[in-house]
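Colleague: Pasting my_file-v5.cif here (mmCIF, C-alpha atoms):
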```cif
data_structure
#
loop_
_atom_site.label_atom_id
_atom_site.label_comp_id
_atom_site.auth_asym_id
_atom_site.auth_seq_id
_atom_site.Cartn_x
_atom_site.Cartn_y
_atom_site.Cartn_z
CA MET A 1 100.26 129.00 14.92
CA ARG A 2 97.47 131.28 16.08
CA TYR A 3 98.57 131.08 19.72
CA LYS A 4 101.37 133.29 21.04
CA LEU A 5 101.87 131.84 24.52
CA VAL A 6 101.60 128.39 26.07
CA VAL A 7 101.67 128.17 29.86
CA PHE A 8 102.66 124.82 31.33
CA ASP A 9 102.50 123.22 34.71
CA CYS A 10 105.75 121.31 35.29
CA ASP A 11 105.23 118.26 37.51
CA GLY A 12 103.31 115.55 35.66
CA VAL A 13 103.38 117.56 32.44
CA LEU A 14 106.94 118.48 31.49
CA VAL A 15 108.51 115.86 33.75
CA ASP A 16 107.39 112.32 34.48
CA ALA A 17 106.67 112.75 38.18
CA VAL A 18 103.32 113.87 39.55
CA SER A 19 104.92 116.10 42.21
CA SER A 20 108.52 117.10 42.88
CA TRP A 21 107.61 117.44 46.56
CA GLN A 22 106.09 113.96 46.62
CA TYR A 23 109.09 112.58 44.77
CA ILE A 24 111.33 113.70 47.61
CA HIS A 25 108.88 112.37 50.22
CA ASP A 26 109.05 108.98 48.52
CA LYS A 27 112.84 109.02 48.59
CA TYR A 28 112.77 109.60 52.35
CA GLY A 29 109.87 107.23 52.99
CA VAL A 30 107.58 109.90 54.47
CA THR A 31 104.04 111.02 53.77
CA ASN A 32 102.34 114.43 53.92
CA ASN A 33 98.73 113.25 53.58
CA VAL A 34 97.60 115.08 56.72
CA SER A 35 99.13 118.36 55.54
CA VAL A 36 97.58 118.01 52.09
CA GLU A 37 94.13 117.60 53.61
CA SER A 38 94.65 120.57 55.94
CA TYR A 39 95.82 122.75 53.06
CA MET A 40 92.92 121.80 50.80
CA ARG A 41 90.46 122.57 53.62
CA GLY A 42 92.07 125.98 54.08
CA GLU A 43 93.28 125.22 57.60
CA ILE A 44 96.90 126.07 56.73
CA ASN A 45 98.35 128.41 54.10
CA GLY A 46 100.93 127.69 51.44
CA ILE A 47 103.89 128.72 53.58
CA GLU A 48 102.87 126.43 56.44
CA PHE A 49 102.23 123.63 53.94
CA MET A 50 105.80 123.97 52.67
CA ARG A 51 107.21 124.25 56.19
CA ARG A 52 105.57 120.97 57.21
CA ASP A 53 106.86 119.18 54.11
CA ILE A 54 110.41 120.38 54.67
CA SER A 55 110.26 119.33 58.32
CA LEU A 56 109.63 115.74 57.21
CA TRP A 57 112.92 115.70 55.29
CA ARG A 58 114.88 117.40 58.07
CA ALA A 59 113.62 114.81 60.53
CA LYS A 60 115.21 112.14 58.35
CA ASP A 61 118.36 114.15 57.61
CA PRO A 62 118.99 117.09 59.98
CA LYS A 63 121.90 118.26 57.79
CA ILE A 64 119.98 118.13 54.51
CA THR A 65 121.18 120.64 51.92
CA LEU A 66 120.00 122.20 48.69
CA LYS A 67 122.59 120.08 46.91
CA THR A 68 121.03 116.92 48.35
CA ILE A 69 117.57 117.95 47.12
CA ALA A 70 118.96 118.91 43.71
CA LYS A 71 120.58 115.48 43.29
CA ILE A 72 117.27 113.77 44.08
CA LEU A 73 115.36 115.96 41.64
CA ASP A 74 117.93 115.34 38.91
CA THR A 75 116.73 111.73 38.77
CA ILE A 76 113.25 112.76 37.62
CA PRO A 77 112.99 111.99 33.90
CA PRO A 78 111.67 114.52 31.39
CA MET A 79 108.28 113.78 29.87
CA THR A 80 108.45 111.97 26.55
CA GLY A 81 108.50 114.46 23.67
CA LEU A 82 109.81 117.43 25.67
CA ASP A 83 112.62 118.25 23.24
CA ASP A 84 110.34 117.87 20.20
CA LEU A 85 107.84 120.22 21.81
CA ALA A 86 110.57 122.75 22.59
CA LYS A 87 111.75 122.70 18.97
CA ALA A 88 108.22 123.07 17.61
CA LEU A 89 107.50 126.08 19.82
CA LYS A 90 110.78 127.71 18.85
CA ASP A 91 110.21 127.09 15.14
CA CYS A 92 106.78 128.72 15.18
CA GLY A 93 107.79 131.61 17.42
CA CYS A 94 105.37 130.69 20.21
CA LYS A 95 106.55 131.61 23.71
CA ALA A 96 106.34 129.24 26.66
CA ILE A 97 106.21 129.88 30.39
CA ILE A 98 106.01 127.54 33.37
CA ILE A 99 103.86 128.09 36.45
CA SER A 100 104.41 125.36 39.02
CA GLY A 101 103.85 124.75 42.69
CA GLY A 102 106.91 122.52 42.47
CA LEU A 103 110.53 123.31 43.29
CA ASP A 104 112.66 125.79 41.40
CA LEU A 105 115.66 123.45 41.58
CA LEU A 106 113.80 121.32 39.04
CA VAL A 107 111.62 123.87 37.26
CA ASP A 108 114.47 126.21 36.31
CA LYS A 109 116.33 123.38 34.56
CA VAL A 110 113.21 122.27 32.73
CA ALA A 111 112.48 125.87 31.72
CA LYS A 112 115.92 126.14 30.14
CA ARG A 113 115.42 122.89 28.22
CA LEU A 114 111.97 123.98 27.05
CA GLY A 115 113.18 127.45 26.13
CA ALA A 116 110.62 129.06 28.43
CA VAL A 117 110.81 132.84 28.69
CA ARG A 118 109.56 132.84 32.29
CA ALA A 119 109.27 130.30 35.09
CA TYR A 120 107.39 130.67 38.36
CA SER A 121 107.92 128.07 41.10
CA ASN A 122 108.69 127.68 44.78
CA GLY A 123 112.00 127.52 46.60
CA LEU A 124 113.74 126.28 49.73
CA GLU A 125 115.47 128.63 52.13
CA ALA A 126 119.03 127.65 53.05
CA ASP A 127 121.75 129.03 55.30
CA ARG A 128 125.19 130.10 54.08
CA ASN A 129 126.34 126.47 54.16
CA GLY A 130 123.47 125.37 51.94
CA ARG A 131 121.57 123.59 54.72
CA LEU A 132 117.80 123.90 54.68
CA THR A 133 116.52 126.22 57.38
CA GLY A 134 113.07 124.67 57.38
CA GLU A 135 111.42 127.60 55.61
CA GLY A 136 110.06 127.66 52.09
CA ILE A 137 109.93 130.45 49.51
CA LEU A 138 106.37 130.72 48.24
CA ARG A 139 105.95 132.20 44.76
CA VAL A 140 103.09 130.05 43.46
CA GLU A 141 100.07 128.94 45.46
CA PRO A 142 99.32 125.38 44.29
CA LYS A 143 95.58 126.09 44.56
CA ASP A 144 95.69 129.33 42.54
CA LYS A 145 98.02 130.01 39.61
CA SER A 146 96.01 132.86 38.10
CA GLY A 147 98.17 135.62 39.58
CA PRO A 148 101.47 134.61 37.95
CA LEU A 149 99.71 133.96 34.64
CA ARG A 150 98.11 137.40 34.54
CA GLU A 151 101.43 138.98 35.47
CA ALA A 152 103.14 137.15 32.61
CA MET A 153 100.42 137.97 30.10
CA LYS A 154 100.70 141.65 30.92
CA ALA A 155 104.47 141.64 30.69
CA LEU A 156 104.48 139.70 27.41
CA LYS A 157 101.59 141.74 25.99
CA VAL A 158 99.37 138.81 25.01
CA THR A 159 95.60 138.55 25.21
CA LYS A 160 93.40 135.70 26.38
CA GLU A 161 92.69 134.71 22.77
CA GLN A 162 96.42 134.04 22.26
CA VAL A 163 97.04 131.83 25.31
CA VAL A 164 96.93 128.08 25.89
CA ALA A 165 97.18 126.45 29.34
CA VAL A 166 98.37 122.88 29.89
CA GLY A 167 98.02 121.17 33.26
CA ASP A 168 97.23 117.89 34.99
CA THR A 169 95.48 118.72 38.28
CA ALA A 170 92.60 120.76 39.66
CA GLY A 171 95.00 123.50 40.74
CA ASP A 172 95.90 124.11 37.11
CA THR A 173 92.30 124.92 36.23
CA THR A 174 92.75 128.31 37.92
CA MET A 175 94.62 129.30 34.75
CA PHE A 176 91.91 128.15 32.37
CA ASP A 177 89.65 131.22 32.62
CA ASP A 178 92.44 133.42 31.27
CA CYS A 179 93.12 131.21 28.25
CA ALA A 180 91.53 130.56 24.88
CA LEU A 181 92.38 126.86 25.01
CA SER A 182 92.89 124.59 28.01
CA VAL A 183 94.45 121.14 27.85
CA ALA A 184 94.39 118.41 30.49
CA PHE A 185 97.61 116.46 29.91
CA ASN A 186 97.95 113.12 31.67
CA PRO A 187 95.15 114.28 34.03
CA GLN A 188 95.37 113.29 37.68
CA ASP A 189 91.78 114.09 38.66
CA GLU A 190 88.32 114.43 37.17
CA ILE A 191 88.13 118.18 37.81
CA VAL A 192 90.87 119.06 35.35
CA LYS A 193 89.46 116.63 32.78
CA ARG A 194 86.00 118.17 33.09
CA LYS A 195 87.15 121.78 32.85
CA ALA A 196 89.63 121.39 29.99
CA ASN A 197 88.76 121.94 26.33
CA LYS A 198 91.01 119.06 25.30
CA VAL A 199 92.24 115.96 27.11
CA ILE A 200 95.44 114.04 26.33
CA LEU A 201 95.74 110.69 28.08
CA LYS A 202 98.99 109.59 26.48
CA LYS A 203 102.16 110.63 28.30
CA ASP A 204 103.76 112.15 25.22
CA LEU A 205 104.09 115.90 24.73
CA ARG A 206 104.12 115.47 20.96
CA GLU A 207 100.39 114.88 21.28
CA LEU A 208 100.10 118.63 21.90
CA LEU A 209 101.47 119.62 18.53
CA ASP A 210 98.30 119.02 16.51
CA ILE A 211 96.21 120.82 19.12
CA LEU A 212 98.47 123.86 19.08
CA ALA A 213 98.76 124.05 15.29
#
```
Show me this structure written as structure tokens.
Modeller:
Amino acid sequence: MRYKLVVFDCDGVLVDAVSSWQYIHDKYGVTNNVSVESYMRGEINGIEFMRRDISLWRAKDPKITLKTIAKILDTIPPMTGLDDLAKALKDCGCKAIIISGGLDLLVDKVAKRLGAVRAYSNGLEADRNGRLTGEGILRVEPKDKSGPLREAMKALKVTKEQVVAVGDTAGDTTMFDDCALSVAFNPQDEIVKRKANKVILKKDLRELLDILA
């Protein structure tokens, strides 16, 4: 394999749920449409976006804990072909990292299953009893993932020509300029389809293997 590093989004790519945040919203029967629009227009930043999302859950369950969120996220199924992809990457010596605007309670488990050497994602602040305080821990801006990618590339000593990016939304295209090959997997919008070098419509990660070979 000519590529040395594959960087993956998590939600909608490595797991079969478009958004871990939205997955929890659905469980509680709430919607964050207003916050999404405000964030995309630049009226609120990533921290405030997270704060508003968390407040929706706390309104439904004032005693909500990290353990509660983890149990919900554990019901998200892995994307078809995840284990085959992990084996193929290991066999060829290609490293994987994850950069996700989703929750670390999910991403860290997926990273372990994938064999990823690094994982960047966002967290939830909790008190000593594990209850959510209402604050988020922002490590990845959903609208711009270029910073974590460049940090990882420098640390892993890989060049643009050796990197592949795989994502499903417009936010993932912020990684494409730093990669030799970009793949829209199970794309959720036209922007990511238009900007990617390759498009995979089937929800099966084994479809990546021929592209990466």
Colleague: Leaving out Ile137 of chain A and any residue of its chain fewer than 6 positions from it, which residues lie within 7 Å of it when counting only C-alpha atoms, given as a PyMOL selection string?
Modeller: chain A and resi 122-125
Colleague: Please indicate the distance in Å from atom CA of His25 of chain A to atom CA of Ser55 of chain A, rounded to one decimal place.
Modeller: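 If I compute the distance from atom CA of His25 of chain A to atom CA of Ser55 of chain A, I get 10.8 Å.
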Colleague: Fewer than 3 positions away in the same chain doesn't count, so skip those; otherwise give me all residues within 9 Å of Ala170 of chain A, counting all atoms listed in the file, as a PyMOL selection string.
Modeller: chain A and resi 143+167+173-174+187-193+195
Colleague: Using the chain letters and residue numbers of this document, give as a ChimeraX atom specification the residues selected by the PyMOL selection byres ((chain A and resi 45) around 12).
Modeller: /A:35-44,46-52,136,138,140-144
Colleague: Could you list, as a PDB file with C-alpha atoms, in the frame of the given file, every residue matched by the PyMOL selection byres ((chain A and resi 29) around 12) in this structure?
Modeller:
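Now in selection-v1.pdb:
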```
ATOM      1  CA  GLN A  22     106.090 113.960  46.620  1.00  0.00           C
ATOM      2  CA  TYR A  23     109.090 112.580  44.770  1.00  0.00           C
ATOM      3  CA  ILE A  24     111.330 113.700  47.610  1.00  0.00           C
ATOM      4  CA  HIS A  25     108.880 112.370  50.220  1.00  0.00           C
ATOM      5  CA  ASP A  26     109.050 108.980  48.520  1.00  0.00           C
ATOM      6  CA  LYS A  27     112.840 109.020  48.590  1.00  0.00           C
ATOM      7  CA  TYR A  28     112.770 109.600  52.350  1.00  0.00           C
ATOM      8  CA  VAL A  30     107.580 109.900  54.470  1.00  0.00           C
ATOM      9  CA  THR A  31     104.040 111.020  53.770  1.00  0.00           C
ATOM     10  CA  ASN A  32     102.340 114.430  53.920  1.00  0.00           C
ATOM     11  CA  LEU A  56     109.630 115.740  57.210  1.00  0.00           C
ATOM     12  CA  TRP A  57     112.920 115.700  55.290  1.00  0.00           C
ATOM     13  CA  ALA A  59     113.620 114.810  60.530  1.00  0.00           C
ATOM     14  CA  LYS A  60     115.210 112.140  58.350  1.00  0.00           C
ATOM     15  CA  ASP A  61     118.360 114.150  57.610  1.00  0.00           C
TER      16      ASP A  61
END
```
Colleague: For this file, the PyMOL selection byres ((chain A and resi 209) around 10) selects which residues, as a ChimeraX atom specification?
Modeller: /A:84-85,88-89,205-208,210-213
Colleague: For segment 103-110 of chain A, find every residue with an atom within 7 Å (counting only C-alpha atoms), except residues of its own chain fewer than 2 positions away, and show them as number ranges by chain.
Modeller: A: 10, 20, 70, 73, 101, 112-114, 119, 121-123
Colleague: Using atom CA of Arg194 of chain A and atom CA of Met79 of chain A as the two end points, give the distance in Å to one decimal.
Modeller: 22.9 Å
Colleague: Figure out the distance between atom CA of Asp9 of chain A and atom CA of Ala184 of chain A, please, to one decimal in Å.
Modeller: 10.3 Å
Colleague: Compare A:Ile54, A:Cys92, A:Ala126, A:Val18 by their minimum atom-to-atom distance to Pro78 of chain A, counting all atoms listed in the file, and give me the closest one.
Modeller: A:Val18
Colleague: May I ask which of the residues A:Leu132, A:Val117, A:Cys94, A:Val13 is the closest one to Thr80 of chain A, counting only C-alpha atoms?
Modeller: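 Closest to Thr80 of chain A, using only C-alpha atoms: A:Val13.
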Colleague: With distances taken over all atoms listed in the file, which residue among A:Lys203, A:Ile97, A:Asp53, A:Gly134 lies nearest Ala165 of chain A?
Modeller: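 For Ala165 of chain A, the nearest of the given residues is A:Ile97.
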Colleague: Can you pull out the residues contacting Ala96 of chain A? Cut-off 6 Å, using only C-alpha atoms, and skip same-chain residues under 5 positions away; I want them as a VMD selection string.
Modeller: chain A and resid 5 to 7 116
Colleague: Quick one: everything within 8 Å of Pro77 of chain A, counting all atoms listed in the file, minus sequence neighbours fewer than 5 positions away in the same chain. Send it as a ChimeraX atom specification.
Modeller: /A:15-17
Colleague: Between A:Ile200, A:Asn129, A:Tyr3, A:Phe176, which has the minimum distance to Lys67 of chain A (counting only C-alpha atoms)?
Modeller: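 Ranked by minimum distance to Lys67 of chain A, first place goes to A:Asn129.
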